[in-house]
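Worksheet for the structure shown next.
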Amino acid sequence: MPADSLHCRLAAKELHDALSGGRIEKITMPEPDEIVLFVHAKQNHALVLSANPSLPRAHLTAHAPKNNPLTAPAFLMHLRKNIGGAAIERVETYHGERVLFFRLRTRNELGYEEKKTLICEIMGKYANIILTDGDGKISECIKHISPASSEKRPVLPRLPYAVPPKQDKIDAFDSLAMRALLDSFGGGKLDSFILAGAAGLAPSTISAMVTHALGNVYFESLCNEQKEKLLAAFNETELLDNAKPCLQAGANGKTDFWLYPFTADENTVFFPTLNAAMDEYFFALDRDRRLSERAHVPKTTVKNAVARTEKKRKLFLARKEEASDLERDKLCGELILSNLYRIRQGMPKAELENYYTDPPTTVTVELDTSKSPQYNAQAYFKKYNKKKKTLAIVQEQIAQASRDLEYYNSILDSFAYTDADGLEEIVAELYAAGLMHEPKGKKKKEPKAAGGETKYDGYTIRWGKTNLQNDRLTKQAKSDDVWLHTQKIHGSHVIVSGENVPEHVLLRAAQIAAYYSKARLGENVPVDYTYKKFVSKPKNSPPGKVVYTDYKTLFVTPKDERE
């Protein structure tokens, strides 16, 4: 993402316009590396500041997280004590750096006015949120950086705050320095050359600006006209004054936020402010990333269960294969008994006629030379009985392993399309299945509603995103509701409520059923549908398991509820 100093400068300008003169009414900390300030400035705003190394950011949000830790962290308590109720005087940046300064005015315990500065450093793995006092000394920070970790720039309480050290590069918006840099260009990839010599811009921003100005990034040399075009393109004032914030897909297919659409794209989505574009971008990205982090342990647990069960099933199949010749052992025993007069102790083998076939065939029977014919016959019968018992046991073990595999895979598939509430239910399901140990004293939550719901042409379409949600959804459905599920493919149960459901509504519901299934990336996916009254749950079956009859099948391309 192009979260460079240029974008930070525009974001800070918008934040200043929106928040200056406002008052901090509430501070929350939904994540260990993220805080949210609720500010009233003519209207209510929510400002998210994140020091997450993967997604550092500072912007206004319409999706303020509602969760808050049960026990307030020390940094949160420090902020509430020192800047709770503070007024925001201005928001500014440090030129060329991804650092935002929120200049605050507050009062201490004695009622005297004090100056504070809340600093958000948006610098990848070095991201931090820092509070300083009026003298510029660090009061507290969300990440403590000791001298052992960074000799050049430790960040600890009571130390004076210092901005990040400058790189040994020119300012990308210094026209004279940029002209000298372009004069030294000797051919090659121009955007990489500028990136190596100029600071303040992200690689993607430089590449987009060069392409926008010259139509390419590869050159053997630059003429004066091309240099002038580049200098005009690298004009910070012009870029900020003519900003058109948007979301746009890059060459790699990933969507980024931009302060200006440097390349024409019919899929470009424009926003009134860069903060709004950043909020839209980060909301989905942060939600998915944090959900993925929380799902790592339970998902790994299920994967391990699948691997163990597959290994057991292979062992059971091997034992079944070893015992599959039991009928030959029985035949050998019977042939020995019927030919006792021909067999003598000490014979290593005997060629005997198999009278069960027509015409009779010759069977070679191996014998123990140290035992009598009768003993050899009984030995074959013992082998037969042992293999018969083994087969009876192993058949059930294979069937149980197959059922477990189907169930575990259904849980594993649901990770692909579940949400935060669904993840909690998956974890609860793993507790119930004995795959994870439930912490002692943990309060059990009330069951959540079904996973998703949408209205389509007057009909209500609902679907589950976990096995427990599927069970609850199907159980609560009326007998004349239409029930849908992908044919022989793990996926969600889908219910359509309403009388005389038309075909186009069934097709839409089938598309949703296909999307929330293992076949979501496929085409021409078979989806069965029937009335809920023809759906039943077998006794003692695992969550999400049902059987159904009287069904018909639709073939659709998966689409989610938003398309």
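Residues in the structure tokens are numbered from 1 in each chain, the chains being A, B, ... in the order shown, and ligands are numbered from 1 in the order shown.
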
(message) Report as a list in words all protein, DNA and RNA residues lying within 9 Å of Asn409 in chain A, evaluated on only C-alpha atoms, omitting residues in the same chain fewer than 4 positions from it.
(response) Val302, Lys303, Val306, Asp404, Leu405, Asp413, Ser414 and His490 of chain A

Pull N, CA and C atoms from the residues just selected and write them as a PDB file, in the first residue's frame.
ATOM      1  N   VAL A 302      -7.461 -28.487  13.731  1.00  0.00           N
ATOM      2  CA  VAL A 302      -8.280 -29.309  12.833  1.00  0.00           C
ATOM      3  C   VAL A 302      -7.411 -29.984  11.772  1.00  0.00           C
ATOM      4  N   LYS A 303      -6.438 -29.250  11.239  1.00  0.00           N
ATOM      5  CA  LYS A 303      -5.536 -29.849  10.245  1.00  0.00           C
ATOM      6  C   LYS A 303      -4.784 -31.035  10.838  1.00  0.00           C
ATOM      7  N   VAL A 306      -7.134 -33.930  11.054  1.00  0.00           N
ATOM      8  CA  VAL A 306      -7.304 -34.542   9.726  1.00  0.00           C
ATOM      9  C   VAL A 306      -6.116 -35.434   9.394  1.00  0.00           C
ATOM     10  N   ASP A 404     -15.208 -39.350  10.673  1.00  0.00           N
ATOM     11  CA  ASP A 404     -14.440 -38.299  11.340  1.00  0.00           C
ATOM     12  C   ASP A 404     -13.780 -37.381  10.318  1.00  0.00           C
ATOM     13  N   LEU A 405     -13.221 -37.973   9.259  1.00  0.00           N
ATOM     14  CA  LEU A 405     -12.576 -37.167   8.225  1.00  0.00           C
ATOM     15  C   LEU A 405     -13.567 -36.222   7.563  1.00  0.00           C
ATOM     16  N   ASP A 413     -13.279 -26.545   6.071  1.00  0.00           N
ATOM     17  CA  ASP A 413     -13.812 -25.759   4.957  1.00  0.00           C
ATOM     18  C   ASP A 413     -14.519 -24.498   5.442  1.00  0.00           C
ATOM     19  N   SER A 414     -15.146 -24.572   6.613  1.00  0.00           N
ATOM     20  CA  SER A 414     -15.910 -23.417   7.105  1.00  0.00           C
ATOM     21  C   SER A 414     -15.013 -22.253   7.504  1.00  0.00           C
ATOM     22  N   HIS A 490     -18.950 -30.152   0.916  1.00  0.00           N
ATOM     23  CA  HIS A 490     -19.111 -29.443   2.185  1.00  0.00           C
ATOM     24  C   HIS A 490     -19.498 -27.992   1.939  1.00  0.00           C
TER      25      HIS A 490
END

(request) From a DSSP pass on the backbone, collect the residues of range 319-463 of chain A flagged as alpha helix (DSSP H) and hand them back as an MDAnalysis selection string. (result) chainID A and resid 319:323 326:338 373:414 420:433

Using only C-alpha atoms, which residues sit within 12 Å of Ala276 in chain A once same-chain residues fewer than 6 positions away are excluded, as a compact mmCIF listing (two decimals) with all heavy atoms, in the first residue's frame?
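Dumped everything to out_22.txt:
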# COMPACT_ATOMS: atom_id res chain seq x y z
N ALA A 11 -3.65 12.92 4.50
CA ALA A 11 -4.47 12.39 5.59
C ALA A 11 -4.43 13.31 6.80
O ALA A 11 -5.46 13.57 7.45
CB ALA A 11 -3.99 10.99 5.98
N GLU A 14 -6.60 16.43 6.24
CA GLU A 14 -8.02 16.10 6.43
C GLU A 14 -8.34 15.93 7.91
O GLU A 14 -9.41 16.37 8.38
CB GLU A 14 -8.37 14.83 5.66
CG GLU A 14 -8.28 14.98 4.14
CD GLU A 14 -8.52 13.67 3.43
OE1 GLU A 14 -8.62 12.61 4.10
OE2 GLU A 14 -8.61 13.68 2.19
N LEU A 15 -7.43 15.29 8.64
CA LEU A 15 -7.65 15.11 10.08
C LEU A 15 -7.67 16.45 10.80
O LEU A 15 -8.48 16.66 11.72
CB LEU A 15 -6.57 14.19 10.66
CG LEU A 15 -6.64 12.72 10.26
CD1 LEU A 15 -5.40 11.97 10.75
CD2 LEU A 15 -7.90 12.07 10.82
N ALA A 46 -14.58 8.99 14.98
CA ALA A 46 -13.79 7.91 15.58
C ALA A 46 -12.46 7.86 14.83
O ALA A 46 -12.43 7.70 13.61
CB ALA A 46 -14.51 6.57 15.48
N LEU A 47 -11.37 8.03 15.56
CA LEU A 47 -10.03 8.05 14.98
C LEU A 47 -9.29 6.79 15.41
O LEU A 47 -9.12 6.54 16.61
CB LEU A 47 -9.27 9.29 15.45
CG LEU A 47 -7.78 9.36 15.10
CD1 LEU A 47 -7.57 9.46 13.60
CD2 LEU A 47 -7.12 10.54 15.82
N ALA A 58 -3.36 5.61 10.51
CA ALA A 58 -4.05 6.63 11.30
C ALA A 58 -5.09 7.25 10.38
O ALA A 58 -4.75 7.86 9.38
CB ALA A 58 -3.07 7.67 11.80
N HIS A 59 -6.37 7.08 10.71
CA HIS A 59 -7.43 7.63 9.87
C HIS A 59 -8.76 7.61 10.63
O HIS A 59 -8.93 6.88 11.60
CB HIS A 59 -7.57 6.82 8.57
CG HIS A 59 -7.91 5.37 8.80
ND1 HIS A 59 -9.20 4.91 8.94
CD2 HIS A 59 -7.11 4.28 8.89
CE1 HIS A 59 -9.18 3.60 9.11
NE2 HIS A 59 -7.94 3.19 9.10
N LEU A 60 -9.69 8.42 10.16
CA LEU A 60 -11.05 8.39 10.69
C LEU A 60 -11.74 7.14 10.20
O LEU A 60 -11.47 6.65 9.09
CB LEU A 60 -11.83 9.62 10.23
CG LEU A 60 -11.30 10.97 10.71
CD1 LEU A 60 -12.12 12.10 10.09
CD2 LEU A 60 -11.32 11.06 12.23
N THR A 61 -12.61 6.58 11.02
CA THR A 61 -13.28 5.34 10.64
C THR A 61 -14.76 5.39 10.96
O THR A 61 -15.18 5.99 11.95
CB THR A 61 -12.63 4.13 11.34
OG1 THR A 61 -13.30 2.93 10.94
CG2 THR A 61 -12.72 4.26 12.86
N ALA A 62 -15.52 4.73 10.08
CA ALA A 62 -16.95 4.54 10.34
C ALA A 62 -17.21 3.15 10.88
O ALA A 62 -18.35 2.75 11.08
CB ALA A 62 -17.73 4.74 9.04
N HIS A 63 -16.12 2.39 11.10
CA HIS A 63 -16.22 1.01 11.58
C HIS A 63 -15.42 0.85 12.87
O HIS A 63 -14.60 -0.07 12.98
CB HIS A 63 -15.72 0.02 10.53
CG HIS A 63 -16.32 0.21 9.17
ND1 HIS A 63 -15.71 0.94 8.18
CD2 HIS A 63 -17.48 -0.24 8.64
CE1 HIS A 63 -16.46 0.93 7.10
NE2 HIS A 63 -17.53 0.23 7.35
N LYS A 244 -7.72 13.34 -5.69
CA LYS A 244 -8.99 12.64 -5.95
C LYS A 244 -8.89 11.26 -5.30
O LYS A 244 -8.58 10.27 -5.96
CB LYS A 244 -9.25 12.51 -7.44
CG LYS A 244 -9.44 13.84 -8.16
CD LYS A 244 -9.69 13.60 -9.65
CE LYS A 244 -9.87 14.92 -10.39
NZ LYS A 244 -10.07 14.68 -11.86
N PRO A 245 -9.08 11.18 -3.98
CA PRO A 245 -8.87 9.92 -3.27
C PRO A 245 -9.70 8.78 -3.87
O PRO A 245 -10.86 8.98 -4.26
CB PRO A 245 -9.33 10.24 -1.84
CG PRO A 245 -9.17 11.72 -1.72
CD PRO A 245 -9.50 12.27 -3.08
N CYS A 246 -9.09 7.61 -3.93
CA CYS A 246 -9.78 6.48 -4.54
C CYS A 246 -9.18 5.16 -4.09
O CYS A 246 -8.10 5.11 -3.48
CB CYS A 246 -9.69 6.58 -6.07
SG CYS A 246 -8.00 6.52 -6.70
N LEU A 247 -9.89 4.09 -4.41
CA LEU A 247 -9.37 2.72 -4.29
C LEU A 247 -9.21 2.20 -5.70
O LEU A 247 -10.10 2.35 -6.54
CB LEU A 247 -10.33 1.82 -3.51
CG LEU A 247 -10.45 2.05 -2.01
CD1 LEU A 247 -11.43 1.05 -1.40
CD2 LEU A 247 -9.10 1.92 -1.33
N PHE A 257 -5.18 2.12 -1.74
CA PHE A 257 -5.78 3.46 -1.70
C PHE A 257 -4.78 4.44 -2.29
O PHE A 257 -3.57 4.30 -2.15
CB PHE A 257 -6.16 3.85 -0.27
CG PHE A 257 -5.01 3.90 0.69
CD1 PHE A 257 -4.25 5.04 0.84
CD2 PHE A 257 -4.69 2.80 1.48
CE1 PHE A 257 -3.19 5.11 1.73
CE2 PHE A 257 -3.64 2.84 2.37
CZ PHE A 257 -2.88 4.00 2.50
N TRP A 258 -5.30 5.44 -2.99
CA TRP A 258 -4.46 6.45 -3.65
C TRP A 258 -5.07 7.83 -3.43
O TRP A 258 -6.28 7.98 -3.35
CB TRP A 258 -4.37 6.18 -5.15
CG TRP A 258 -3.74 4.88 -5.50
CD1 TRP A 258 -4.36 3.66 -5.60
CD2 TRP A 258 -2.36 4.63 -5.77
NE1 TRP A 258 -3.46 2.68 -5.93
CE2 TRP A 258 -2.22 3.25 -6.05
CE3 TRP A 258 -1.23 5.46 -5.83
CZ2 TRP A 258 -1.00 2.67 -6.36
CZ3 TRP A 258 -0.01 4.88 -6.15
CH2 TRP A 258 0.10 3.51 -6.40
N LEU A 259 -4.20 8.84 -3.37
CA LEU A 259 -4.72 10.19 -3.28
C LEU A 259 -5.13 10.72 -4.66
O LEU A 259 -5.82 11.73 -4.77
CB LEU A 259 -3.69 11.13 -2.63
CG LEU A 259 -2.60 11.78 -3.50
CD1 LEU A 259 -1.93 12.89 -2.73
CD2 LEU A 259 -1.62 10.79 -4.03
N VAL A 269 -12.76 3.32 -7.62
CA VAL A 269 -13.85 3.79 -6.76
C VAL A 269 -13.37 5.04 -6.04
O VAL A 269 -12.38 5.01 -5.32
CB VAL A 269 -14.25 2.70 -5.73
CG1 VAL A 269 -15.40 3.20 -4.86
CG2 VAL A 269 -14.62 1.41 -6.43
N PHE A 270 -14.07 6.15 -6.24
CA PHE A 270 -13.67 7.44 -5.66
C PHE A 270 -14.36 7.67 -4.31
O PHE A 270 -15.46 7.18 -4.07
CB PHE A 270 -13.99 8.58 -6.62
CG PHE A 270 -13.12 8.58 -7.85
CD1 PHE A 270 -13.54 7.94 -9.01
CD2 PHE A 270 -11.89 9.21 -7.84
CE1 PHE A 270 -12.74 7.94 -10.14
CE2 PHE A 270 -11.08 9.21 -8.96
CZ PHE A 270 -11.50 8.56 -10.12
N PHE A 282 -8.71 -0.44 4.83
CA PHE A 282 -8.18 -1.10 6.01
C PHE A 282 -9.23 -1.91 6.75
O PHE A 282 -8.90 -2.89 7.41
CB PHE A 282 -7.57 -0.07 6.98
CG PHE A 282 -6.21 0.40 6.56
CD1 PHE A 282 -6.01 1.73 6.22
CD2 PHE A 282 -5.15 -0.48 6.49
CE1 PHE A 282 -4.76 2.18 5.84
CE2 PHE A 282 -3.90 -0.04 6.11
CZ PHE A 282 -3.69 1.29 5.79
N PHE A 283 -10.51 -1.50 6.67
CA PHE A 283 -11.54 -2.23 7.41
C PHE A 283 -11.58 -3.69 6.99
O PHE A 283 -11.52 -4.60 7.82
CB PHE A 283 -12.92 -1.58 7.18
CG PHE A 283 -14.06 -2.39 7.74
CD1 PHE A 283 -14.20 -2.56 9.10
CD2 PHE A 283 -14.97 -3.01 6.89
CE1 PHE A 283 -15.24 -3.32 9.63
CE2 PHE A 283 -16.01 -3.76 7.40
CZ PHE A 283 -16.15 -3.92 8.77

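Residues of range 145-207 of chain A carrying a DSSP assignment of strand (DSSP E), computed from the backbone, are Ile170, Asp171, Gly188, Lys189, Ala198 and Ala199 of chain A.
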
(message) Taking 5 positions as the minimum chain separation for residues in the same chain, which residues sit within 12 Å of Pro147 in chain A when counting only C-alpha atoms? Answer as a PyMOL selection string.
(response) chain A and resi 152-156+159

(request) Tell me, as an MDAnalysis selection string, which residues lie within 12 Å of range 293-297 of chain A, counting only C-alpha atoms; anything in the same chain fewer than 6 positions away does not count. (result) chainID A and resid 54 286:287 303:304 411:412 414:427 430 435:436

Save the residues we just selected, N, CA, C and O atoms, as a short mmCIF file (atom, residue, chain, number, x, y, z; two decimals), in the first residue's frame?
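File produced: part_4.cif:
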data_model
loop_
_atom_site.label_atom_id
_atom_site.label_comp_id
_atom_site.auth_asym_id
_atom_site.auth_seq_id
_atom_site.Cartn_x
_atom_site.Cartn_y
_atom_site.Cartn_z
N SER A 54 2.02 -4.96 10.46
CA SER A 54 1.51 -5.33 9.14
C SER A 54 0.61 -4.25 8.56
O SER A 54 0.63 -4.01 7.34
N ASP A 286 -7.93 -5.40 7.64
CA ASP A 286 -7.62 -5.64 9.04
C ASP A 286 -8.54 -6.70 9.62
O ASP A 286 -8.10 -7.57 10.39
N ARG A 287 -9.82 -6.67 9.24
CA ARG A 287 -10.76 -7.68 9.73
C ARG A 287 -10.32 -9.07 9.30
O ARG A 287 -10.27 -10.00 10.12
N LYS A 303 -6.44 -29.25 11.24
CA LYS A 303 -5.54 -29.85 10.25
C LYS A 303 -4.78 -31.04 10.84
O LYS A 303 -4.62 -32.07 10.17
N ASN A 304 -4.33 -30.89 12.08
CA ASN A 304 -3.65 -32.00 12.75
C ASN A 304 -4.58 -33.19 12.95
O ASN A 304 -4.17 -34.35 12.81
N ILE A 411 -15.42 -28.81 9.06
CA ILE A 411 -14.98 -27.71 9.93
C ILE A 411 -13.89 -26.91 9.25
O ILE A 411 -13.90 -25.67 9.23
N LEU A 412 -12.94 -27.62 8.64
CA LEU A 412 -11.82 -26.96 7.98
C LEU A 412 -12.30 -26.07 6.84
O LEU A 412 -11.82 -24.95 6.66
N SER A 414 -15.15 -24.57 6.61
CA SER A 414 -15.91 -23.42 7.11
C SER A 414 -15.01 -22.25 7.50
O SER A 414 -15.48 -21.11 7.59
N PHE A 415 -13.71 -22.50 7.75
CA PHE A 415 -12.80 -21.40 8.06
C PHE A 415 -12.71 -20.41 6.90
O PHE A 415 -12.41 -19.24 7.11
N ALA A 416 -12.94 -20.88 5.67
CA ALA A 416 -12.75 -20.04 4.49
C ALA A 416 -13.78 -18.92 4.40
O ALA A 416 -13.52 -17.88 3.79
N TYR A 417 -14.96 -19.10 4.99
CA TYR A 417 -16.01 -18.09 4.82
C TYR A 417 -16.70 -17.70 6.12
O TYR A 417 -17.76 -17.09 6.10
N THR A 418 -16.11 -18.03 7.25
CA THR A 418 -16.74 -17.66 8.51
C THR A 418 -16.34 -16.25 8.91
O THR A 418 -15.43 -15.65 8.35
N ASP A 419 -17.04 -15.70 9.92
CA ASP A 419 -16.72 -14.38 10.46
C ASP A 419 -16.29 -14.53 11.91
O ASP A 419 -16.07 -15.65 12.38
N ALA A 420 -16.15 -13.41 12.63
CA ALA A 420 -15.66 -13.46 14.01
C ALA A 420 -16.60 -14.27 14.91
O ALA A 420 -16.15 -15.08 15.72
N ASP A 421 -17.92 -14.05 14.77
CA ASP A 421 -18.88 -14.82 15.57
C ASP A 421 -18.81 -16.29 15.21
O ASP A 421 -18.88 -17.17 16.08
N GLY A 422 -18.68 -16.57 13.91
CA GLY A 422 -18.59 -17.95 13.47
C GLY A 422 -17.35 -18.63 14.00
O GLY A 422 -17.38 -19.82 14.34
N LEU A 423 -16.24 -17.90 14.09
CA LEU A 423 -15.00 -18.48 14.61
C LEU A 423 -15.17 -18.89 16.06
O LEU A 423 -14.68 -19.95 16.47
N GLU A 424 -15.89 -18.07 16.84
CA GLU A 424 -16.16 -18.44 18.23
C GLU A 424 -16.95 -19.75 18.31
O GLU A 424 -16.69 -20.60 19.17
N GLU A 425 -17.88 -19.92 17.41
CA GLU A 425 -18.68 -21.14 17.41
C GLU A 425 -17.87 -22.35 16.94
O GLU A 425 -18.08 -23.47 17.40
N ILE A 426 -16.95 -22.12 16.01
CA ILE A 426 -16.08 -23.21 15.59
C ILE A 426 -15.22 -23.68 16.76
O ILE A 426 -15.05 -24.88 16.99
N VAL A 427 -14.68 -22.72 17.52
CA VAL A 427 -13.88 -23.07 18.69
C VAL A 427 -14.73 -23.83 19.70
O VAL A 427 -14.28 -24.83 20.28
N LEU A 430 -15.04 -27.30 18.56
CA LEU A 430 -13.82 -28.07 18.79
C LEU A 430 -13.71 -28.48 20.25
O LEU A 430 -13.22 -29.57 20.56
N LEU A 435 -11.33 -31.82 20.58
CA LEU A 435 -10.11 -31.52 19.83
C LEU A 435 -9.30 -30.41 20.49
O LEU A 435 -8.10 -30.28 20.26
N MET A 436 -9.97 -29.58 21.29
CA MET A 436 -9.29 -28.54 22.05
C MET A 436 -9.80 -28.57 23.49
O MET A 436 -10.94 -28.97 23.74
#

(message) Please report the interatomic distance between CA of Pro526 in chain A and CA of Val496 in chain A in Å with one decimal.
(response)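 Going from CA of Pro526 in chain A over to CA of Val496 in chain A covers 17.4 Å.
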
(request) For range 503-515 of chain A, list every protein, DNA or RNA residue within 10 Å, evaluated using only C-alpha atoms, and leave out those in the same chain fewer than 2 positions away; present the list as an NGL selection string. (result) :A and (417 or 454 or 456-464 or 482-487 or 489-496 or 500-501 or 517-529 or 553-563)

(message) Can you tell me which residues surround Lys143 in chain A at a distance of at most 8 Å, considering only C-alpha atoms, apart from same-chain residues fewer than 2 positions away, and format the answer as a PyMOL selection string?
(response) chain A and resi 128-129+141+145+155

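Nearest to Pro30 in chain A of all the residues A:Ala148, A:Arg290, A:Gly134, A:Val363 is A:Arg290, counting only C-alpha atoms.
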
Show me a table, sorted first by chain and then by increasing residue number, of the residues of range 141-211 of chain A having an atom at most 9 Å from range 87-106 of chain A, each with its shortest atom pair and the distance in Å to one decimal, counting only C-alpha atoms and written as JSON lines.
{"residue": "A:Val163", "atom": "CA", "partner": "A:Tyr94", "partner_atom": "CA", "distance": 8.2}
{"residue": "A:Pro164", "atom": "CA", "partner": "A:Glu97", "partner_atom": "CA", "distance": 7.9}
{"residue": "A:Lys166", "atom": "CA", "partner": "A:Glu97", "partner_atom": "CA", "distance": 8.6}
{"residue": "A:Asp171", "atom": "CA", "partner": "A:Gly96", "partner_atom": "CA", "distance": 7.0}
{"residue": "A:Ala172", "atom": "CA", "partner": "A:Gly96", "partner_atom": "CA", "distance": 8.3}
{"residue": "A:Phe173", "atom": "CA", "partner": "A:Gly96", "partner_atom": "CA", "distance": 8.9}
{"residue": "A:Ala199", "atom": "CA", "partner": "A:Gly96", "partner_atom": "CA", "distance": 7.0}
{"residue": "A:Gly200", "atom": "CA", "partner": "A:Gly96", "partner_atom": "CA", "distance": 4.7}
{"residue": "A:Leu201", "atom": "CA", "partner": "A:Gly96", "partner_atom": "CA", "distance": 8.2}

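Nearest residue to Gln374 in chain A among A:Lys455, A:Glu406, A:Ile393, A:Leu340 is A:Leu340, counting only C-alpha atoms.
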